[in-house]
$ cat upload.csv   # CSV, N, CA, C and O atoms
chain,number,residue,atom,x,y,z
A,5,MET,N,117.3,77.0,57.0
A,5,MET,CA,117.4,78.2,57.6
A,5,MET,C,118.9,78.3,58.2
A,5,MET,O,119.4,77.4,58.8
A,6,LYS,N,119.5,79.4,58.0
A,6,LYS,CA,120.8,79.7,58.5
A,6,LYS,C,120.8,80.2,59.9
A,6,LYS,O,120.0,81.1,60.3
A,7,ILE,N,121.6,79.6,60.8
A,7,ILE,CA,121.7,80.0,62.2
A,7,ILE,C,122.6,81.2,62.3
A,7,ILE,O,123.7,81.2,61.9
A,8,LYS,N,122.1,82.3,62.8
A,8,LYS,CA,122.8,83.6,62.8
A,8,LYS,C,123.5,83.9,64.2
A,8,LYS,O,124.4,84.6,64.3
A,9,GLY,N,123.0,83.2,65.2
A,9,GLY,CA,123.5,83.5,66.6
A,9,GLY,C,123.1,82.4,67.6
A,9,GLY,O,122.3,81.6,67.3
A,10,THR,N,123.8,82.5,68.7
A,10,THR,CA,123.4,81.7,69.9
A,10,THR,C,123.2,82.5,71.1
A,10,THR,O,124.0,83.4,71.4
A,11,LEU,N,122.1,82.3,71.7
A,11,LEU,CA,121.7,83.0,73.0
A,11,LEU,C,121.8,82.0,74.1
A,11,LEU,O,121.1,81.0,74.0
A,12,GLU,N,122.5,82.3,75.1
A,12,GLU,CA,122.7,81.4,76.3
A,12,GLU,C,122.1,82.1,77.5
A,12,GLU,O,122.5,83.3,77.8
A,13,ALA,N,121.3,81.4,78.3
A,13,ALA,CA,120.8,81.9,79.6
A,13,ALA,C,121.6,81.1,80.6
A,13,ALA,O,121.6,79.8,80.6
A,14,ILE,N,122.3,81.8,81.4
A,14,ILE,CA,123.2,81.1,82.4
A,14,ILE,C,122.8,81.4,83.8
A,14,ILE,O,122.6,82.6,84.1
A,15,SER,N,122.5,80.4,84.6
A,15,SER,CA,122.0,80.6,86.0
A,15,SER,C,123.0,80.0,87.0
A,15,SER,O,123.7,79.1,86.7
A,16,SER,N,122.8,80.5,88.2
A,16,SER,CA,123.5,79.8,89.3
A,16,SER,C,122.6,78.8,89.9
A,16,SER,O,121.4,78.9,89.7
A,17,GLU,N,123.1,77.9,90.7
A,17,GLU,CA,122.3,77.0,91.5
A,17,GLU,C,121.6,77.8,92.5
A,17,GLU,O,122.0,78.9,92.9
A,18,ARG,N,120.4,77.3,93.0
A,18,ARG,CA,119.7,78.1,94.1
A,18,ARG,C,120.5,78.1,95.4
A,18,ARG,O,121.2,77.1,95.7
A,19,ASP,N,120.5,79.2,96.0
A,19,ASP,CA,121.1,79.3,97.3
A,19,ASP,C,120.2,78.7,98.4
A,19,ASP,O,119.1,78.3,98.1
A,20,GLY,N,120.6,78.8,99.7
A,20,GLY,CA,119.8,78.3,100.8
A,20,GLY,C,118.4,79.0,100.9
A,20,GLY,O,117.5,78.4,101.5
A,21,TYR,N,118.3,80.2,100.3
A,21,TYR,CA,117.0,80.9,100.4
A,21,TYR,C,116.2,80.8,99.1
A,21,TYR,O,115.2,81.4,99.0
A,22,GLY,N,116.7,80.0,98.2
A,22,GLY,CA,115.9,79.8,96.9
A,22,GLY,C,116.3,80.8,95.8
A,22,GLY,O,115.6,80.8,94.8
A,23,ASN,N,117.2,81.7,96.1
A,23,ASN,CA,117.6,82.7,95.1
A,23,ASN,C,118.4,82.1,94.0
A,23,ASN,O,119.3,81.3,94.2
A,24,VAL,N,118.2,82.6,92.8
A,24,VAL,CA,119.0,82.2,91.6
A,24,VAL,C,119.4,83.5,90.9
A,24,VAL,O,118.7,84.5,90.8
A,25,SER,N,120.7,83.6,90.5
A,25,SER,CA,121.2,84.7,89.7
A,25,SER,C,121.2,84.3,88.2
A,25,SER,O,121.5,83.1,87.9
A,26,TRP,N,121.1,85.3,87.3
A,26,TRP,CA,121.0,85.0,85.9
A,26,TRP,C,121.9,85.9,85.1
A,26,TRP,O,122.1,87.1,85.5
A,27,GLY,N,122.5,85.4,84.1
A,27,GLY,CA,123.3,86.2,83.1
A,27,GLY,C,123.0,85.7,81.7
A,27,GLY,O,122.3,84.6,81.6
A,28,LEU,N,123.4,86.4,80.7
A,28,LEU,CA,123.2,86.0,79.4
A,28,LEU,C,124.5,86.2,78.5
A,28,LEU,O,125.4,87.0,78.9
A,29,ARG,N,124.6,85.4,77.5
A,29,ARG,CA,125.7,85.5,76.5
A,29,ARG,C,125.0,85.4,75.1
A,29,ARG,O,124.3,84.4,74.9
A,30,TYR,N,125.3,86.3,74.3
A,30,TYR,CA,124.9,86.2,72.9
A,30,TYR,C,126.1,86.2,72.0
A,30,TYR,O,127.0,87.0,72.2
A,31,ILE,N,126.2,85.2,71.1
A,31,ILE,CA,127.3,85.0,70.2
A,31,ILE,C,126.8,85.2,68.8
A,31,ILE,O,125.9,84.5,68.3
A,32,ASP,N,127.4,86.2,68.1
A,32,ASP,CA,127.0,86.5,66.7
A,32,ASP,C,127.9,85.6,65.8
A,32,ASP,O,129.1,85.7,65.8
A,33,HIS,N,127.3,84.7,65.1
A,33,HIS,CA,128.0,83.7,64.3
A,33,HIS,C,128.7,84.4,63.1
A,33,HIS,O,129.7,83.8,62.6
A,34,LYS,N,128.2,85.5,62.6
A,34,LYS,CA,128.9,86.1,61.4
A,34,LYS,C,130.2,86.8,61.8
A,34,LYS,O,131.2,86.7,61.2
A,35,THR,N,130.2,87.5,63.0
A,35,THR,CA,131.4,88.2,63.4
A,35,THR,C,132.2,87.5,64.5
A,35,THR,O,133.3,87.8,64.7
A,36,GLY,N,131.6,86.6,65.2
A,36,GLY,CA,132.2,85.9,66.3
A,36,GLY,C,132.2,86.7,67.5
A,36,GLY,O,132.7,86.3,68.6
A,37,LYS,N,131.6,87.8,67.5
A,37,LYS,CA,131.5,88.7,68.7
A,37,LYS,C,130.6,88.2,69.7
A,37,LYS,O,129.5,87.7,69.4
A,38,ALA,N,131.0,88.3,71.0
A,38,ALA,CA,130.1,87.8,72.1
A,38,ALA,C,129.8,89.0,73.0
A,38,ALA,O,130.6,89.8,73.3
A,39,VAL,N,128.5,89.0,73.5
A,39,VAL,CA,128.1,90.0,74.4
A,39,VAL,C,127.6,89.3,75.7
A,39,VAL,O,126.8,88.3,75.6
A,40,GLU,N,128.0,89.7,76.8
A,40,GLU,CA,127.7,89.1,78.1
A,40,GLU,C,127.1,90.2,79.0
A,40,GLU,O,127.6,91.3,79.0
A,41,GLY,N,126.2,89.8,79.9
A,41,GLY,CA,125.6,90.7,80.8
A,41,GLY,C,124.8,90.0,81.9
A,41,GLY,O,124.4,88.9,81.7
A,42,MET,N,124.7,90.7,83.0
A,42,MET,CA,123.9,90.2,84.1
A,42,MET,C,122.4,90.6,83.9
A,42,MET,O,122.1,91.7,83.3
A,43,VAL,N,121.5,89.8,84.4
A,43,VAL,CA,120.1,90.0,84.1
A,43,VAL,C,119.3,90.0,85.5
A,43,VAL,O,119.5,89.2,86.3
A,44,SER,N,118.3,90.9,85.6
A,44,SER,CA,117.3,90.9,86.6
A,44,SER,C,116.1,90.2,86.0
A,44,SER,O,115.7,90.6,84.9
A,45,GLY,N,115.7,89.1,86.6
A,45,GLY,CA,114.6,88.3,85.9
A,45,GLY,C,115.2,86.9,85.8
A,45,GLY,O,116.1,86.5,86.5
A,46,GLY,N,114.6,86.2,84.8
A,46,GLY,CA,115.0,84.8,84.7
A,46,GLY,C,115.1,84.4,83.3
A,46,GLY,O,115.2,85.2,82.3
A,47,GLU,N,114.9,83.1,83.1
A,47,GLU,CA,115.1,82.4,81.8
A,47,GLU,C,114.0,83.0,80.8
A,47,GLU,O,114.4,83.2,79.6
A,48,SER,N,112.8,83.2,81.3
A,48,SER,CA,111.8,83.7,80.3
A,48,SER,C,112.1,85.1,79.8
A,48,SER,O,111.8,85.4,78.7
A,49,ASN,N,112.7,85.9,80.6
A,49,ASN,CA,113.1,87.3,80.2
A,49,ASN,C,114.2,87.2,79.1
A,49,ASN,O,114.1,87.9,78.1
A,50,ILE,N,115.1,86.2,79.3
A,50,ILE,CA,116.2,86.1,78.3
A,50,ILE,C,115.6,85.4,77.0
A,50,ILE,O,115.9,85.9,75.9
A,51,TYR,N,114.8,84.4,77.2
A,51,TYR,CA,114.2,83.7,76.0
A,51,TYR,C,113.3,84.7,75.2
A,51,TYR,O,113.3,84.6,74.0
A,52,GLY,N,112.7,85.6,75.9
A,52,GLY,CA,111.8,86.6,75.2
A,52,GLY,C,112.5,87.5,74.2
A,52,GLY,O,111.9,88.2,73.4
A,53,ILE,N,113.9,87.6,74.3
A,53,ILE,CA,114.7,88.4,73.4
A,53,ILE,C,114.4,87.9,72.0
A,53,ILE,O,114.4,88.7,71.0
A,54,LEU,N,114.1,86.6,71.8
A,54,LEU,CA,113.9,86.1,70.5
A,54,LEU,C,112.6,86.5,69.8
A,54,LEU,O,112.5,86.5,68.6
A,55,ARG,N,111.7,87.0,70.7
A,55,ARG,CA,110.5,87.6,70.1
A,55,ARG,C,110.8,89.0,69.7
A,55,ARG,O,111.3,89.8,70.5
A,56,ASN,N,110.5,89.4,68.5
A,56,ASN,CA,110.7,90.7,67.9
A,56,ASN,C,112.2,91.0,67.7
A,56,ASN,O,112.6,92.2,67.6
A,57,TRP,N,113.1,90.0,67.7
A,57,TRP,CA,114.5,90.3,67.5
A,57,TRP,C,114.7,90.9,66.1
A,57,TRP,O,115.3,92.0,66.0
A,58,ASN,N,114.3,90.2,65.1
A,58,ASN,CA,114.4,90.8,63.7
A,58,ASN,C,113.0,90.8,63.0
A,58,ASN,O,112.9,91.4,62.0
A,59,LYS,N,112.0,90.1,63.6
A,59,LYS,CA,110.7,90.0,63.0
A,59,LYS,C,109.7,90.6,64.0
A,59,LYS,O,109.6,90.1,65.1
A,60,LYS,N,108.9,91.5,63.6
A,60,LYS,CA,107.9,92.1,64.5
A,60,LYS,C,106.8,91.0,64.8
A,60,LYS,O,106.3,90.4,63.9
A,61,ASP,N,106.5,90.9,66.1
A,61,ASP,CA,105.5,89.9,66.6
A,61,ASP,C,105.7,88.5,66.1
A,61,ASP,O,104.8,87.8,65.8
A,62,ASP,N,107.0,88.1,66.1
A,62,ASP,CA,107.3,86.7,65.7
A,62,ASP,C,108.6,86.2,66.3
A,62,ASP,O,109.4,87.1,66.7
A,63,TRP,N,108.7,85.0,66.5
A,63,TRP,CA,109.9,84.4,67.1
A,63,TRP,C,111.0,84.3,66.1
A,63,TRP,O,110.8,83.8,65.0
A,64,ASP,N,112.2,84.7,66.4
A,64,ASP,CA,113.3,84.6,65.5
A,64,ASP,C,113.9,83.2,65.6
A,64,ASP,O,114.5,82.8,66.7
A,65,ARG,N,113.7,82.3,64.6
A,65,ARG,CA,114.2,81.0,64.7
A,65,ARG,C,115.6,80.8,64.2
A,65,ARG,O,116.1,79.7,64.0
A,66,SER,N,116.2,81.9,63.8
A,66,SER,CA,117.6,81.8,63.3
A,66,SER,C,118.6,81.9,64.5
A,66,SER,O,119.8,81.9,64.2
A,67,ILE,N,118.2,81.9,65.7
A,67,ILE,CA,119.0,82.0,66.9
A,67,ILE,C,118.8,80.8,67.8
A,67,ILE,O,117.7,80.5,68.1
A,68,LEU,N,119.9,80.1,68.0
A,68,LEU,CA,119.9,78.9,69.0
A,68,LEU,C,119.7,79.5,70.4
A,68,LEU,O,120.3,80.5,70.7
A,69,PHE,N,119.0,78.7,71.2
A,69,PHE,CA,118.8,79.1,72.6
A,69,PHE,C,119.2,78.0,73.5
A,69,PHE,O,118.7,76.9,73.4
A,70,ASN,N,120.1,78.2,74.4
A,70,ASN,CA,120.6,77.2,75.4
A,70,ASN,C,120.5,77.7,76.8
A,70,ASN,O,120.7,78.9,77.0
A,71,VAL,N,120.3,76.8,77.7
A,71,VAL,CA,120.3,77.2,79.2
A,71,VAL,C,121.3,76.3,79.9
A,71,VAL,O,121.4,75.1,79.7
A,72,PHE,N,122.1,77.0,80.8
A,72,PHE,CA,123.1,76.4,81.6
A,72,PHE,C,122.9,76.7,83.0
A,72,PHE,O,122.6,77.9,83.3
A,73,THR,N,123.2,75.8,83.9
A,73,THR,CA,123.2,76.1,85.3
A,73,THR,C,124.6,75.7,85.9
A,73,THR,O,125.1,74.7,85.6
A,74,LEU,N,125.2,76.7,86.6
A,74,LEU,CA,126.5,76.5,87.1
A,74,LEU,C,126.5,76.5,88.7
A,74,LEU,O,125.5,77.1,89.2
A,75,LYS,N,127.4,75.9,89.3
A,75,LYS,CA,127.5,76.0,90.7
A,75,LYS,C,127.7,77.5,91.1
A,75,LYS,O,128.2,78.3,90.3
A,76,ARG,N,127.3,77.9,92.3
A,76,ARG,CA,127.3,79.3,92.6
A,76,ARG,C,128.6,80.0,92.5
A,76,ARG,O,128.8,81.1,92.0
A,77,ARG,N,129.7,79.3,93.0
A,77,ARG,CA,131.0,79.9,92.9
A,77,ARG,C,131.5,80.0,91.4
A,77,ARG,O,132.0,81.0,91.1
A,78,GLU,N,131.2,79.0,90.6
A,78,GLU,CA,131.5,79.1,89.2
A,78,GLU,C,130.8,80.2,88.5
A,78,GLU,O,131.4,81.0,87.7
A,79,PHE,N,129.5,80.4,88.9
A,79,PHE,CA,128.7,81.5,88.3
A,79,PHE,C,129.3,82.9,88.7
A,79,PHE,O,129.5,83.7,87.8
A,80,ARG,N,129.6,83.0,90.0
A,80,ARG,CA,130.2,84.3,90.4
A,80,ARG,C,131.5,84.6,89.7
A,80,ARG,O,131.8,85.7,89.4
A,81,GLU,N,132.4,83.6,89.6
A,81,GLU,CA,133.7,83.8,88.9
A,81,GLU,C,133.5,84.2,87.5
A,81,GLU,O,134.2,85.1,87.0
A,82,LEU,N,132.6,83.5,86.8
A,82,LEU,CA,132.3,83.8,85.4
A,82,LEU,C,131.8,85.2,85.2
A,82,LEU,O,132.2,85.9,84.2
A,83,THR,N,130.9,85.6,86.0
A,83,THR,CA,130.1,86.9,85.8
A,83,THR,C,130.7,88.1,86.5
A,83,THR,O,130.1,89.1,86.4
A,84,LYS,N,131.8,87.9,87.3
A,84,LYS,CA,132.2,89.0,88.2
A,84,LYS,C,132.5,90.3,87.5
A,84,LYS,O,132.3,91.4,88.1
A,85,ASN,N,132.8,90.3,86.2
A,85,ASN,CA,133.1,91.6,85.5
A,85,ASN,C,132.1,91.9,84.5
A,85,ASN,O,132.3,92.8,83.7
A,86,TRP,N,130.9,91.2,84.5
A,86,TRP,CA,129.9,91.5,83.5
A,86,TRP,C,129.1,92.7,84.0
A,86,TRP,O,128.8,92.9,85.1
A,87,GLU,N,128.7,93.6,83.0
A,87,GLU,CA,127.9,94.7,83.4
A,87,GLU,C,126.4,94.3,83.4
A,87,GLU,O,126.0,93.3,82.8
A,88,TYR,N,125.6,95.1,84.0
A,88,TYR,CA,124.2,94.9,84.1
A,88,TYR,C,123.5,95.1,82.7
A,88,TYR,O,123.7,96.2,82.1
A,89,ALA,N,122.7,94.2,82.2
A,89,ALA,CA,122.1,94.2,80.9
A,89,ALA,C,120.7,94.7,81.0
A,89,ALA,O,120.2,95.3,80.0
A,90,GLY,N,120.0,94.5,82.1
A,90,GLY,CA,118.6,94.9,82.2
A,90,GLY,C,117.7,93.8,82.7
A,90,GLY,O,118.2,92.8,83.2
A,91,CYS,N,116.4,94.1,82.6
A,91,CYS,CA,115.4,93.1,83.1
A,91,CYS,C,114.5,92.6,82.0
A,91,CYS,O,114.4,91.4,81.8
A,92,THR,N,113.8,93.5,81.3
A,92,THR,CA,112.8,93.1,80.3
A,92,THR,C,113.5,92.6,79.1
A,92,THR,O,114.6,93.0,78.8
A,93,SER,N,112.8,91.8,78.3
A,93,SER,CA,113.3,91.2,77.1
A,93,SER,C,113.7,92.4,76.1
A,93,SER,O,114.7,92.3,75.4
A,94,LYS,N,112.9,93.4,76.1
A,94,LYS,CA,113.2,94.6,75.2
A,94,LYS,C,114.5,95.2,75.6
A,94,LYS,O,115.3,95.6,74.8
A,95,ASP,N,114.7,95.4,76.9
A,95,ASP,CA,116.0,96.1,77.4
A,95,ASP,C,117.2,95.2,77.1
A,95,ASP,O,118.2,95.7,76.8
A,96,LEU,N,117.0,93.9,77.3
A,96,LEU,CA,118.1,92.9,77.1
A,96,LEU,C,118.5,92.9,75.6
A,96,LEU,O,119.7,92.9,75.2
A,97,ALA,N,117.5,92.9,74.7
A,97,ALA,CA,117.7,93.0,73.2
A,97,ALA,C,118.5,94.3,72.9
A,97,ALA,O,119.4,94.2,72.1
A,98,LYS,N,118.0,95.4,73.5
A,98,LYS,CA,118.7,96.7,73.2
A,98,LYS,C,120.2,96.6,73.6
A,98,LYS,O,121.1,97.1,73.0
A,99,PHE,N,120.4,96.0,74.8
A,99,PHE,CA,121.8,95.9,75.4
A,99,PHE,C,122.6,95.1,74.4
A,99,PHE,O,123.7,95.5,74.1
A,100,ILE,N,122.1,94.0,74.0
A,100,ILE,CA,122.9,93.1,73.1
A,100,ILE,C,123.2,93.8,71.7
A,100,ILE,O,124.4,93.9,71.3
A,101,LYS,N,122.2,94.4,71.1
A,101,LYS,CA,122.4,95.1,69.8
A,101,LYS,C,123.3,96.3,69.9
A,101,LYS,O,124.1,96.5,69.0
A,102,SER,N,123.3,97.0,71.0
A,102,SER,CA,124.2,98.2,71.2
A,102,SER,C,125.6,97.7,71.3
A,102,SER,O,126.5,98.3,70.8
A,103,ARG,N,125.8,96.6,72.0
A,103,ARG,CA,127.2,96.1,72.2
A,103,ARG,C,127.7,95.5,70.9
A,103,ARG,O,128.9,95.5,70.7
A,104,LEU,N,126.9,94.9,70.1
A,104,LEU,CA,127.3,94.3,68.9
A,104,LEU,C,127.7,95.4,67.9
A,104,LEU,O,128.6,95.1,67.0
A,105,ARG,N,127.2,96.6,68.0
A,105,ARG,CA,127.5,97.7,67.1
A,105,ARG,C,128.9,98.3,67.5
A,105,ARG,O,129.5,99.0,66.6
A,106,LYS,N,129.4,98.1,68.7
A,106,LYS,CA,130.6,98.7,69.1
A,106,LYS,C,131.8,98.0,68.4
A,106,LYS,O,131.8,96.9,68.2
$ encode --input "upload.csv" --output "structure tokens"
Amino acid sequence: MKIKGTLEAISSERDGYGNVSWGLRYIDHKTGKAVEGMVSGGESNIYGILRNWNKKDDWDRSILFNVFTLKRREFRELTKNWEYAGCTSKDLAKFIKSRLRK
């Protein structure tokens, strides 16, 4: 199977109140184009993008999935200019696909 893309779930470390911030990055291996955005929700929302990405009611196994945790300051610096991508897996997939078409 040919790997078509990489999806990264990027989180901050927990703050003193237990809060974690999430972002995502999708890299299309064919074009080299990257899409980045902030996420309401967590790792499962981002991972859920792989469900129904190209195959209805099935997991797309042609996309690598990685999870990274950054220190809070590093996370803020990395994501400070990222736009909001959404919350649900469906919204996140729409966000990525629309940016890849631009």
$ select_by_dssp --input "upload.csv" --residues "chain A" --states "alpha helix (DSSP H)" --output "list in words"
Glu47, Ser48, Asn49, Ile50, Tyr51, Arg76, Arg77, Glu78, Phe79, Arg80, Glu81, Leu82, Thr83, Ser93, Lys94, Asp95, Leu96, Ala97, Lys98, Phe99, Ile100, Lys101, Ser102, Arg103, Leu104 and Arg105 of chain A
$ residues_around --input "upload.csv" --residues "range 63-71 of chain A" --least-positions-apart "3" --cutoff "7 Å" --atoms "all atoms listed in the file" --output "list in words"
Met5, Lys6, Ile7, Lys8, Gly9, Thr10, Leu11, Glu12, Ala13, Ile14, Ser15, Arg29, Ile53, Leu54, Arg55, Asn56, Trp57, Asn58, Lys59 and Lys60 of chain A
$ atom_distance --input "upload.csv" --atom1 "atom N of Ala89 in chain A" --atom2 "atom O of Leu28 in chain A"
8.4 Å
$ closest_residue --input "upload.csv" --among "A:Asp61, A:Glu40, A:Glu47, A:Asp19" --to "Tyr88 in chain A" --atoms "only C-alpha atoms"
A:Glu40
$ residues_around --input "upload.csv" --residues "range 91-101 of chain A" --least-positions-apart "4" --cutoff "7 Å" --atoms "only C-alpha atoms" --output "PyMOL selection string"
chain A and resi 39+43-45+49-50+52-53+105
